[in-house]
Number of protein chains: 2
Amino acid sequence: MDLIKPKTMPGVMELLPLEQIAFQNMLDTIRRTYERFGFLPVETPVMEYTKVLLTKSGGETERQVYFAQSTGALQQERQPELAMRFDLTVPLARYVAEHERKLIFPFRRYQIQRVYRGESAQRGRFREFYQCDIDVIGKDKLDLYYDAEIPAAIYTLFRELDFGKFTIHMNNRKLLAGFFAHLGIEDAQQQMLVLREVDKLDKRGRGKVVETLLAEPFSLAQDTVDQLMNFVGSGEGRTNRETLAALRELGIEQEQWLVGLNELTQVITQLEQLDVPEDYVNINLAIARGLDYYTGTVYETLLDDHPKLGSVCSGGRYENLAGYYTKSKLPGVGISIGATRLFFQLMDAGLVNLGQNSVKVLVTQMDPSLQEDYLQITAALRAGGINTQLMVEGGKFQKQLKFADRSGIRFTLIMGEKEKAEGYVTVKDLTKGEQLEIPRDQLVARLQALIDG
Amino acid sequence: MDLIKPKTMPGVMELLPLEQIAFQNMLDTIRRTYERFGFLPVETPVMEYTKVLLTKSGGETERQVYFAQSTGALQQERQPELAMRFDLTVPLARYVAEHERKLIFPFRRYQIQRVYRGESAQRGRFREFYQCDIDVIGKDKLDLYYDAEIPAAIYTLFRELDFGKFTIHMNNRKLLAGFFAHLGIEDAQQQMLVLREVDKLDKRGRGKVVETLLAEPFSLAQDTVDQLMNFVGSGEGRTNRETLAALRELGIEQEQWLVGLNELTQVITQLEQLDVPEDYVNINLAIARGLDYYTGTVYETLLDDHPKLGSVCSGGRYENLAGYYTKSKLPGVGISIGATRLFFQLMDAGLVNLGQNSVKVLVTQMDPSLQEDYLQITAALRAGGINTQLMVEGGKFQKQLKFADRSGIRFTLIMGEKEKAEGYVTVKDLTKGEQLEIPRDQLVARLQALIDG
């Protein structure tokens, strides 16, 4: 029989077990933090009806959707009725609209699932990747407080993830729109185009962006561009309180501007009350988020020591979640982490600890005639809640010790005739590089304490 | 704009938040137990190359595979290059063959992911469902001990899942094949057909099965059928030790029979050494597992009080995992739980506790002027690791209390002017139906203790 080459498609992240453990730890931390902030779990099917998923014309090609067809449908050469989710926002909208009457609002959900995009294959681009989203959805209205709660959750999360210092950059779309109106750029479409250029400040640099805005088709006046550049730079080198004061001093009376400024002020104030240190939050008037979708507060999160990774966690406030599916007005605020890309990049940068096996204890088999004892010790450790593996194959003892080492298993248990007769077990601690003798009847408790400590 | 009807495809289990929490608890218990038994996590992409996934001719239609095509591939009307996994065994085989040189054998993996089958839509049949698998894979050989370790893990797991008394039924395919050979049914194909009939004993009853085996095309002799029926019933009403003795007393010398009997005897012995109570394990010579795949020990697990659910956890020993992909011989033993169907059935039977919210504390807002205090209390509780929600909208106080009740949130915190002035918080405990007054500076520690206790 000819062998089939075993391989995955490109653009997926398949991990070896110790890598998977590290990735799981990251997902567990995300989930635990989301739950701590009172978000409830939701999972949706990977497939949705095509007509539900692809609500916008042209979106299909843009988003490189994967369609799904069962054997029967394929044979009938029908147009695909099903497609795979490309984000978690559209499924959330469908979910909330479908179950509206059974949900309690404000509805706080977290969702940690994989999404699918037919990206062209290139390094760091994924066709299958985890998104980890939180959103709070209101019915008719949603208190501005949640615009502070979302970054408070992100602050706690990235502290726990421990990837070094980070900064949550915040802006407000109403403030931006108000400032544009003040500059005389009233047309929303034109505002969007200018915003898109402003969004490139980080990548293209100030000179190039100014050049573009002065030239056709923008043709902005030099004074307008100067004001714009001063404005977007007004958060730099200032505390948030100072930035807010500077904005107030501009004396702009435009209505949206005033609303946006008040919103930003309240969010910053409530973040302080939620004990989020000032140093981790930065009013950054240059960020706009590309999407049409956001209408108020917007967020981007950068790792201070790894600016090249770009924003690792982005989101914002939107006016209506599910307008395609329900007449109810459902405003919300949320944020998303692309966990697969983030993990891949952190692993690339050597920032992921791959040494920790979820197995904590290896029971070795020094003397095959004692196998029954080894089985009983293994069962007792597991009954005590300790992740334990038994090296039942035996084999050369040095090889067994090497196995623990290669596998990153912290504790190795050794018991021969002598230990058995004297009622103790020798325990090698890989982490501390030390060896202990523990009475057999204290083994579970002592190991529990060592693992917890 | 016309609204699009928000709905999922049939054959998927989409849950409301409190149901999802209960389901998550079940998956968490499964994962925790698998990890305790030293299994390592693996996740594979949902899509595999069609030629990798569909190794057997005709399997495509049989398994009702879902094919996946990105927008571009669809437009070119190509035959689908990708398909979605229909189980976790084929992806495991591909994974082990692909990463063979980087894995440490015996390779112990658990995998908890969704699989996809284009089933016809009917109640209780799922097109998307979770499988929760464990397997131990050896290179060239795999110690028989693992045939005991797998049911030991299942025993611990179902004790923790707490769905009532259950029984792990075990048999050995070599013992079965040896007995057939002893009866003169030597042809493997014929053995399979008879086994398939024997497998129906539970559903069709003894009378019908006997009738079928006597009639064409089986045309077995009455004496042969009698011996067969006595044999498959020989585990009934006996302890496992008694069954093994009865089998030995048959005095059969056929080689496979003897190997099978020795294997079964060792597995039963080692299960005792692993502290699995006899009462939870039953040698059941009537079970065969439909698949061609298994070659030694086979398992089925039944909930004693819910026999209609059928086997909730099945598996066995196989000779070679990945023959389609590698020349290495990779014997293994494993078991699978169909978690979606199990949860659905348990929910149907009213056996799922849906009352427990993952949010443990609701901070109410009795007096809007104290909002800053409420925010600070919320932040402190979360910093103390307590899942907390703040009722920031305020509103009628009775409505806030009702919200906690409806949501199944155990503790409700109440603080007005009086409490604030006197430095305490009133805590309502929904579970115990009592009310406590806790000094504000002890709040985190006291609530932690109440939640853990």
# chains A, B, ... in the order shown; residues from 1 in each chain; ligands from 1
call {"tool": "calpha_fit_and_write", "arguments": {"fixed": "chain B", "moving": "chain A", "output": "short mmCIF file (atom, residue, chain, number, x, y, z; two decimals) with C-alpha atoms, in the first residue's frame"}}
result
data_model
loop_
_atom_site.label_atom_id
_atom_site.label_comp_id
_atom_site.auth_asym_id
_atom_site.auth_seq_id
_atom_site.Cartn_x
_atom_site.Cartn_y
_atom_site.Cartn_z
CA MET A 1 -34.05 46.83 5.31
CA ASP A 2 -35.51 43.34 5.49
CA LEU A 3 -34.43 41.42 8.55
CA ILE A 4 -32.59 38.12 8.17
CA LYS A 5 -33.97 35.40 10.42
CA PRO A 6 -31.33 34.64 13.04
CA LYS A 7 -31.09 30.89 13.40
CA THR A 8 -28.57 28.06 13.57
CA MET A 9 -28.55 25.01 11.36
CA PRO A 10 -30.33 21.95 12.79
CA GLY A 11 -28.23 19.29 14.52
CA VAL A 12 -26.11 21.64 16.62
CA MET A 13 -26.31 22.17 20.38
CA GLU A 14 -26.25 25.88 21.13
CA LEU A 15 -26.70 26.63 24.82
CA LEU A 16 -27.89 29.52 26.91
CA PRO A 17 -25.24 30.88 29.31
CA LEU A 18 -26.24 28.91 32.44
CA GLU A 19 -26.47 25.73 30.37
CA GLN A 20 -23.09 26.52 28.85
CA ILE A 21 -21.61 26.90 32.34
CA ALA A 22 -22.91 23.45 33.26
CA PHE A 23 -21.51 22.01 30.03
CA GLN A 24 -18.17 23.73 30.63
CA ASN A 25 -18.07 22.22 34.11
CA MET A 26 -18.50 18.79 32.53
CA LEU A 27 -15.73 19.40 29.97
CA ASP A 28 -13.48 20.83 32.71
CA THR A 29 -13.98 17.70 34.82
CA ILE A 30 -13.12 15.52 31.83
CA ARG A 31 -10.00 17.52 31.07
CA ARG A 32 -8.86 17.67 34.71
CA THR A 33 -9.24 13.90 35.09
CA TYR A 34 -7.43 13.16 31.83
CA GLU A 35 -4.58 15.40 32.99
CA ARG A 36 -4.51 13.72 36.38
CA PHE A 37 -3.88 10.44 34.59
CA GLY A 38 -0.90 11.96 32.80
CA PHE A 39 -2.42 12.56 29.38
CA LEU A 40 -1.07 15.50 27.37
CA PRO A 41 -3.23 17.89 25.34
CA VAL A 42 -3.37 17.85 21.57
CA GLU A 43 -5.48 20.02 19.29
CA THR A 44 -5.64 19.52 15.56
CA PRO A 45 -7.09 21.81 12.88
CA VAL A 46 -10.76 21.25 12.09
CA MET A 47 -9.90 20.92 8.41
CA GLU A 48 -7.66 18.22 7.01
CA TYR A 49 -6.67 17.45 3.45
CA THR A 50 -9.42 15.32 1.95
CA LYS A 51 -6.94 12.71 0.80
CA VAL A 52 -5.53 12.46 4.34
CA LEU A 53 -8.94 12.27 5.98
CA LEU A 54 -10.71 9.90 3.61
CA THR A 55 -8.32 7.01 3.41
CA LYS A 56 -10.86 4.30 2.88
CA SER A 57 -12.81 4.08 -0.36
CA GLY A 58 -16.50 4.60 0.15
CA GLY A 59 -15.90 6.14 3.55
CA GLU A 60 -16.88 9.55 2.29
CA THR A 61 -20.56 8.83 1.84
CA GLU A 62 -20.73 6.52 4.79
CA ARG A 63 -19.41 9.15 7.15
CA GLN A 64 -21.29 12.08 5.63
CA VAL A 65 -18.24 14.25 5.58
CA TYR A 66 -18.41 18.05 5.36
CA PHE A 67 -16.13 19.46 2.71
CA ALA A 68 -14.68 22.97 3.01
CA GLN A 69 -13.83 25.38 0.22
CA SER A 70 -12.68 28.95 0.41
CA THR A 71 -14.28 31.55 -1.84
CA GLY A 72 -11.52 31.26 -4.42
CA ALA A 73 -11.64 27.46 -4.65
CA LEU A 74 -15.41 27.55 -4.96
CA GLN A 75 -15.30 29.91 -7.90
CA GLN A 76 -12.93 27.62 -9.72
CA GLU A 77 -15.33 24.72 -9.18
CA ARG A 78 -12.54 22.47 -8.07
CA GLN A 79 -13.14 19.26 -6.19
CA PRO A 80 -12.80 20.10 -2.50
CA GLU A 81 -9.24 19.74 -1.27
CA LEU A 82 -10.26 20.06 2.38
CA ALA A 83 -12.75 18.30 4.62
CA MET A 84 -13.75 18.61 8.27
CA ARG A 85 -12.76 15.93 10.77
CA PHE A 86 -15.52 13.42 11.54
CA ASP A 87 -13.74 11.94 14.55
CA LEU A 88 -10.53 12.47 16.52
CA THR A 89 -8.94 9.15 15.64
CA VAL A 90 -7.95 9.92 12.05
CA PRO A 91 -6.46 13.31 13.05
CA LEU A 92 -4.57 11.55 15.87
CA ALA A 93 -3.15 9.05 13.40
CA ARG A 94 -2.09 11.86 11.05
CA TYR A 95 -0.65 13.85 14.01
CA VAL A 96 1.40 10.97 15.38
CA ALA A 97 2.69 10.01 11.92
CA GLU A 98 3.56 13.64 11.07
CA HIS A 99 5.31 14.41 14.36
CA GLU A 100 6.58 10.90 15.09
CA ARG A 101 10.19 11.90 15.57
CA LYS A 102 9.35 14.71 17.98
CA LEU A 103 7.04 12.71 20.23
CA ILE A 104 8.03 10.64 23.23
CA PHE A 105 6.54 7.14 23.24
CA PRO A 106 4.44 5.76 24.76
CA PHE A 107 2.57 8.87 23.68
CA ARG A 108 -0.36 9.69 25.94
CA ARG A 109 -2.68 12.28 24.50
CA TYR A 110 -6.08 13.68 25.31
CA GLN A 111 -8.08 15.66 22.79
CA ILE A 112 -11.32 17.52 23.46
CA GLN A 113 -12.65 19.03 20.26
CA ARG A 114 -15.71 19.17 18.09
CA VAL A 115 -16.22 16.84 15.14
CA TYR A 116 -18.58 17.11 12.18
CA ARG A 117 -20.93 14.69 10.48
CA GLY A 118 -23.60 15.43 7.90
CA GLU A 119 -26.19 13.39 9.76
CA SER A 120 -29.81 13.59 8.73
CA ALA A 121 -31.57 15.98 11.07
CA GLN A 122 -33.37 14.23 13.92
CA ARG A 123 -33.68 14.66 17.63
CA GLY A 124 -30.53 13.67 19.50
CA ARG A 125 -28.44 13.32 16.32
CA PHE A 126 -25.75 15.92 16.07
CA ARG A 127 -23.91 17.32 13.08
CA GLU A 128 -21.44 19.09 15.34
CA PHE A 129 -20.47 17.48 18.63
CA TYR A 130 -17.65 17.28 21.13
CA GLN A 131 -15.55 14.18 21.42
CA CYS A 132 -13.29 13.76 24.44
CA ASP A 133 -10.68 11.12 23.68
CA ILE A 134 -7.71 9.60 25.44
CA ASP A 135 -5.25 7.25 23.79
CA VAL A 136 -1.89 5.78 24.64
CA ILE A 137 0.21 5.02 21.56
CA GLY A 138 3.27 2.79 21.66
CA LYS A 139 6.04 2.46 19.16
CA ASP A 140 6.30 -1.18 17.99
CA LYS A 141 4.78 -2.37 21.27
CA LEU A 142 2.56 -1.14 24.05
CA ASP A 143 2.39 -2.70 27.51
CA LEU A 144 -0.89 -4.39 28.39
CA TYR A 145 -0.94 -2.31 31.59
CA TYR A 146 -2.49 0.57 29.61
CA ASP A 147 -5.57 -1.57 28.99
CA ALA A 148 -6.15 -1.21 32.75
CA GLU A 149 -5.13 2.42 32.99
CA ILE A 150 -7.76 3.58 30.47
CA PRO A 151 -10.74 2.17 32.44
CA ALA A 152 -9.13 3.37 35.69
CA ALA A 153 -9.27 6.90 34.24
CA ILE A 154 -12.87 6.38 33.14
CA TYR A 155 -13.79 5.13 36.62
CA THR A 156 -12.33 8.24 38.27
CA LEU A 157 -13.95 10.49 35.66
CA PHE A 158 -17.48 9.16 36.00
CA ARG A 159 -17.19 9.22 39.78
CA GLU A 160 -16.35 12.90 39.53
CA LEU A 161 -19.04 13.61 36.93
CA ASP A 162 -21.47 12.25 39.49
CA PHE A 163 -24.22 10.96 37.18
CA GLY A 164 -24.95 8.05 39.54
CA LYS A 165 -23.75 4.46 39.52
CA PHE A 166 -22.19 3.22 36.28
CA THR A 167 -20.54 0.07 35.00
CA ILE A 168 -17.55 -0.29 32.70
CA HIS A 169 -18.20 -3.39 30.61
CA MET A 170 -15.12 -5.13 29.28
CA ASN A 171 -14.37 -7.89 26.86
CA ASN A 172 -11.42 -9.08 24.79
CA ARG A 173 -11.58 -9.54 21.04
CA LYS A 174 -8.91 -12.26 21.06
CA LEU A 175 -10.99 -14.23 23.53
CA LEU A 176 -14.01 -13.85 21.27
CA ALA A 177 -12.11 -14.81 18.13
CA GLY A 178 -10.59 -17.78 19.93
CA PHE A 179 -13.98 -18.95 21.05
CA PHE A 180 -15.33 -18.67 17.51
CA ALA A 181 -12.41 -20.68 16.20
CA HIS A 182 -13.13 -23.26 18.87
CA LEU A 183 -16.72 -23.40 17.58
CA GLY A 184 -15.42 -23.98 14.08
CA ILE A 185 -16.20 -20.49 12.79
CA GLU A 186 -12.71 -19.76 11.53
CA ASP A 187 -13.39 -17.20 8.82
CA ALA A 188 -12.75 -13.67 10.13
CA GLN A 189 -15.50 -12.19 7.96
CA GLN A 190 -18.00 -14.75 9.22
CA GLN A 191 -16.87 -14.07 12.83
CA MET A 192 -17.52 -10.38 12.28
CA LEU A 193 -21.03 -11.02 10.98
CA VAL A 194 -21.88 -13.29 13.91
CA LEU A 195 -20.34 -10.77 16.32
CA ARG A 196 -22.51 -8.07 14.87
CA GLU A 197 -25.58 -10.17 15.67
CA VAL A 198 -24.30 -10.91 19.17
CA ASP A 199 -23.79 -7.16 19.64
CA LYS A 200 -27.56 -6.75 19.18
CA LEU A 201 -28.44 -8.97 22.17
CA ASP A 202 -29.33 -5.92 24.28
CA LYS A 203 -31.57 -4.40 21.67
CA ARG A 204 -33.21 -7.41 19.98
CA GLY A 205 -33.24 -9.86 22.87
CA ARG A 206 -31.86 -13.38 23.04
CA GLY A 207 -34.73 -15.08 21.19
CA LYS A 208 -34.44 -13.00 18.04
CA VAL A 209 -30.65 -13.24 17.91
CA VAL A 210 -30.77 -17.04 18.27
CA GLU A 211 -33.39 -17.19 15.53
CA THR A 212 -31.22 -15.13 13.17
CA LEU A 213 -28.12 -17.24 13.82
CA LEU A 214 -29.98 -20.49 13.15
CA ALA A 215 -31.46 -19.17 9.88
CA GLU A 216 -29.74 -18.38 6.60
CA PRO A 217 -27.26 -17.04 5.78
CA PHE A 218 -25.70 -18.00 9.14
CA SER A 219 -27.18 -21.49 9.36
CA LEU A 220 -25.32 -22.30 12.57
CA ALA A 221 -26.06 -25.60 14.30
CA GLN A 222 -28.30 -25.48 17.36
CA ASP A 223 -25.44 -26.76 19.54
CA THR A 224 -23.09 -24.07 18.24
CA VAL A 225 -25.63 -21.36 18.98
CA ASP A 226 -26.25 -22.80 22.46
CA GLN A 227 -22.53 -22.79 23.25
CA LEU A 228 -22.24 -19.26 21.91
CA MET A 229 -25.18 -18.03 23.99
CA ASN A 230 -23.84 -19.73 27.12
CA PHE A 231 -20.47 -18.18 26.50
CA VAL A 232 -21.67 -14.61 26.00
CA GLY A 233 -23.87 -14.93 29.06
CA SER A 234 -21.16 -16.33 31.28
CA GLY A 235 -20.37 -12.93 32.88
CA GLU A 236 -23.92 -12.46 34.13
CA GLY A 237 -24.57 -12.69 37.85
CA ARG A 238 -20.94 -13.51 38.57
CA THR A 239 -18.03 -11.55 39.99
CA ASN A 240 -15.21 -10.99 37.53
CA ARG A 241 -13.06 -13.54 39.36
CA GLU A 242 -15.88 -16.09 39.05
CA THR A 243 -16.31 -15.32 35.36
CA LEU A 244 -12.60 -15.79 34.70
CA ALA A 245 -12.68 -19.10 36.60
CA ALA A 246 -15.70 -20.26 34.58
CA LEU A 247 -13.93 -19.40 31.33
CA ARG A 248 -10.83 -21.26 32.43
CA GLU A 249 -12.97 -24.27 33.30
CA LEU A 250 -14.17 -24.48 29.70
CA GLY A 251 -10.73 -25.98 29.10
CA ILE A 252 -10.35 -24.49 25.63
CA GLU A 253 -6.80 -24.76 24.34
CA GLN A 254 -7.13 -22.57 21.23
CA GLU A 255 -4.17 -20.20 21.11
CA GLN A 256 -5.96 -16.85 20.66
CA TRP A 257 -8.40 -17.84 23.38
CA LEU A 258 -5.58 -18.45 25.83
CA VAL A 259 -3.90 -15.16 25.00
CA GLY A 260 -7.21 -13.31 25.35
CA LEU A 261 -8.01 -14.99 28.65
CA ASN A 262 -4.59 -14.10 30.05
CA GLU A 263 -4.97 -10.51 28.91
CA LEU A 264 -8.40 -10.16 30.46
CA THR A 265 -7.12 -11.72 33.69
CA GLN A 266 -4.20 -9.29 33.91
CA VAL A 267 -6.36 -6.24 33.16
CA ILE A 268 -8.85 -7.23 35.89
CA THR A 269 -5.98 -7.81 38.34
CA GLN A 270 -4.33 -4.48 37.60
CA LEU A 271 -7.64 -2.64 37.90
CA GLU A 272 -7.83 -4.00 41.44
CA GLN A 273 -4.29 -2.82 42.12
CA LEU A 274 -5.29 0.61 40.79
CA ASP A 275 -8.04 0.71 43.44
CA VAL A 276 -10.95 0.50 41.00
CA PRO A 277 -13.81 -1.19 42.91
CA GLU A 278 -14.96 -4.49 41.45
CA ASP A 279 -18.54 -3.26 41.46
CA TYR A 280 -17.80 -0.74 38.69
CA VAL A 281 -16.20 -3.19 36.26
CA ASN A 282 -17.97 -6.07 34.57
CA ILE A 283 -16.62 -8.71 32.22
CA ASN A 284 -19.32 -8.74 29.56
CA LEU A 285 -18.67 -11.31 26.88
CA ALA A 286 -21.55 -10.05 24.76
CA ILE A 287 -19.89 -6.78 23.79
CA ALA A 288 -17.73 -6.72 20.70
CA ARG A 289 -17.74 -3.09 19.45
CA GLY A 290 -18.96 -2.87 15.87
CA LEU A 291 -15.67 -1.72 14.44
CA ASP A 292 -13.16 -3.82 12.63
CA TYR A 293 -10.54 -1.72 14.31
CA TYR A 294 -10.18 -3.26 17.78
CA THR A 295 -7.99 -6.30 18.37
CA GLY A 296 -7.86 -6.83 22.15
CA THR A 297 -9.60 -5.31 25.15
CA VAL A 298 -12.85 -3.48 24.36
CA TYR A 299 -14.88 -1.19 26.63
CA GLU A 300 -18.38 0.16 26.91
CA THR A 301 -19.69 2.24 29.81
CA LEU A 302 -23.31 2.31 30.88
CA LEU A 303 -25.07 4.47 33.44
CA ASP A 304 -26.85 1.91 35.62
CA ASP A 305 -29.95 4.06 36.11
CA HIS A 306 -30.13 5.13 32.45
CA PRO A 307 -29.51 2.06 30.31
CA LYS A 308 -31.41 3.64 27.42
CA LEU A 309 -28.60 6.12 26.88
CA GLY A 310 -26.50 3.21 25.64
CA SER A 311 -22.75 3.28 26.00
CA VAL A 312 -21.58 6.75 27.04
CA CYS A 313 -17.90 5.97 26.72
CA SER A 314 -16.42 3.29 24.45
CA GLY A 315 -13.11 2.18 23.06
CA GLY A 316 -10.48 -0.48 23.09
CA ARG A 317 -7.10 -1.78 22.04
CA TYR A 318 -5.98 -1.60 18.41
CA GLU A 319 -2.99 -3.00 16.64
CA ASN A 320 -1.84 -0.16 14.44
CA LEU A 321 -2.94 3.44 14.54
CA ALA A 322 -1.48 5.03 11.47
CA GLY A 323 -0.82 2.40 8.82
CA TYR A 324 -2.03 4.72 6.07
CA TYR A 325 0.60 7.32 6.90
CA THR A 326 3.69 5.58 8.25
CA LYS A 327 5.48 2.27 8.13
CA SER A 328 6.04 2.42 11.89
CA LYS A 329 3.87 0.06 13.83
CA LEU A 330 1.92 2.09 16.37
CA PRO A 331 -0.30 -0.02 18.63
CA GLY A 332 -2.61 1.81 21.00
CA VAL A 333 -5.51 1.74 23.39
CA GLY A 334 -8.05 4.48 23.86
CA ILE A 335 -11.54 5.56 24.69
CA SER A 336 -13.94 8.27 23.56
CA ILE A 337 -16.80 10.20 25.16
CA GLY A 338 -19.40 11.91 22.99
CA ALA A 339 -19.86 14.82 25.35
CA THR A 340 -22.50 16.75 23.42
CA ARG A 341 -24.90 13.83 23.14
CA LEU A 342 -24.25 12.84 26.75
CA PHE A 343 -24.92 16.35 28.03
CA PHE A 344 -28.02 16.69 25.87
CA GLN A 345 -29.41 13.41 27.20
CA LEU A 346 -28.57 14.23 30.81
CA MET A 347 -30.20 17.65 30.45
CA ASP A 348 -33.24 15.93 28.95
CA ALA A 349 -33.38 13.58 31.92
CA GLY A 350 -33.16 16.54 34.34
CA LEU A 351 -29.77 15.43 35.64
CA VAL A 352 -27.89 18.65 34.90
CA ASN A 353 -27.63 21.30 37.59
CA LEU A 354 -28.34 24.56 35.75
CA GLY A 355 -28.52 26.81 38.80
CA GLN A 356 -24.86 27.67 39.26
CA ASN A 357 -23.62 30.89 37.76
CA SER A 358 -19.87 31.32 37.37
CA VAL A 359 -20.43 34.83 38.71
CA LYS A 360 -20.31 34.51 42.50
CA VAL A 361 -20.94 38.06 43.69
CA LEU A 362 -23.26 40.83 42.49
CA VAL A 363 -22.41 44.30 43.76
CA THR A 364 -25.68 46.23 43.82
CA GLN A 365 -26.06 49.98 43.66
CA MET A 366 -28.46 51.08 46.37
CA ASP A 367 -27.30 54.69 46.41
CA PRO A 368 -25.95 56.19 43.15
CA SER A 369 -23.88 58.72 45.11
CA LEU A 370 -21.77 55.82 46.42
CA GLN A 371 -20.80 54.60 42.94
CA GLU A 372 -17.11 55.15 43.53
CA ASP A 373 -17.30 52.83 46.55
CA TYR A 374 -19.09 50.20 44.51
CA LEU A 375 -16.39 50.34 41.85
CA GLN A 376 -13.66 50.01 44.46
CA ILE A 377 -15.35 47.06 46.14
CA THR A 378 -15.81 45.38 42.75
CA ALA A 379 -12.14 45.90 41.87
CA ALA A 380 -11.01 44.58 45.28
CA LEU A 381 -13.14 41.42 44.99
CA ARG A 382 -11.81 40.70 41.51
CA ALA A 383 -8.24 41.31 42.65
CA GLY A 384 -9.00 38.70 45.32
CA GLY A 385 -9.89 36.19 42.63
CA ILE A 386 -13.67 36.37 43.10
CA ASN A 387 -15.88 36.38 39.98
CA THR A 388 -17.80 39.61 40.44
CA GLN A 389 -20.36 41.64 38.55
CA LEU A 390 -21.27 45.26 39.25
CA MET A 391 -24.91 46.31 38.75
CA VAL A 392 -23.85 49.68 37.46
CA GLU A 393 -27.20 50.60 35.94
CA GLY A 394 -28.70 50.87 39.39
CA GLY A 395 -32.43 51.19 38.97
CA LYS A 396 -35.10 49.99 41.38
CA PHE A 397 -33.45 48.13 44.20
CA GLN A 398 -35.94 45.26 44.21
CA LYS A 399 -35.18 44.75 40.52
CA GLN A 400 -31.48 44.51 41.26
CA LEU A 401 -32.12 41.84 43.89
CA LYS A 402 -34.35 39.99 41.46
CA PHE A 403 -31.58 40.10 38.87
CA ALA A 404 -29.21 38.22 41.21
CA ASP A 405 -31.93 35.69 41.83
CA ARG A 406 -32.78 35.11 38.17
CA SER A 407 -29.10 34.88 37.25
CA GLY A 408 -28.28 32.35 39.96
CA ILE A 409 -25.60 34.59 41.46
CA ARG A 410 -24.99 33.40 45.00
CA PHE A 411 -23.92 36.50 46.92
CA THR A 412 -25.54 39.94 46.67
CA LEU A 413 -23.71 42.87 48.24
CA ILE A 414 -25.71 45.78 49.61
CA MET A 415 -24.28 49.02 50.93
CA GLY A 416 -26.18 52.25 51.60
CA GLU A 417 -25.23 55.37 53.57
CA LYS A 418 -25.74 53.61 56.91
CA GLU A 419 -23.51 50.63 56.05
CA LYS A 420 -20.88 52.93 54.61
CA ALA A 421 -20.82 55.13 57.73
CA GLU A 422 -20.51 52.09 59.99
CA GLY A 423 -17.93 50.37 57.77
CA TYR A 424 -19.68 47.17 56.83
CA VAL A 425 -21.46 45.58 53.88
CA THR A 426 -24.67 43.53 53.96
CA VAL A 427 -24.25 40.24 52.12
CA LYS A 428 -27.23 38.11 51.05
CA ASP A 429 -26.41 34.45 50.50
CA LEU A 430 -28.88 33.01 47.99
CA THR A 431 -27.79 29.41 48.60
CA LYS A 432 -28.14 29.43 52.37
CA GLY A 433 -30.96 31.97 52.39
CA GLU A 434 -29.24 34.04 55.04
CA GLN A 435 -27.96 37.57 55.43
CA LEU A 436 -24.61 38.58 56.89
CA GLU A 437 -23.00 41.84 57.92
CA ILE A 438 -19.32 41.81 57.05
CA PRO A 439 -16.82 44.57 57.93
CA ARG A 440 -15.66 46.13 54.69
CA ASP A 441 -11.97 45.43 55.33
CA GLN A 442 -12.72 41.72 55.80
CA LEU A 443 -15.00 41.43 52.79
CA VAL A 444 -12.62 39.75 50.32
CA ALA A 445 -11.27 37.19 52.78
CA ARG A 446 -14.69 36.31 54.20
CA LEU A 447 -16.27 35.90 50.77
CA GLN A 448 -13.34 33.81 49.56
CA ALA A 449 -13.84 31.53 52.55
CA LEU A 450 -17.59 31.27 51.97
CA ILE A 451 -17.11 30.41 48.28
CA ASP A 452 -14.39 27.83 48.94
CA GLY A 453 -16.25 26.31 51.89
#
call {"tool": "select_by_dssp", "arguments": {"residues": "stretch 71-221 of chain B", "states": "strand (DSSP E)", "output": "ChimeraX atom specification"}}
result
/B:82-84,107-116,128-137,166-172
call {"tool": "select_by_dssp", "arguments": {"residues": "stretch 51-261 of chain A", "states": "alpha helix (DSSP H)", "output": "number ranges by chain"}}
result
A: 51-53, 59-63, 71-75, 89-99, 146-161, 173-183, 188-198, 201-204, 206-214, 222-232, 240-249, 255-261
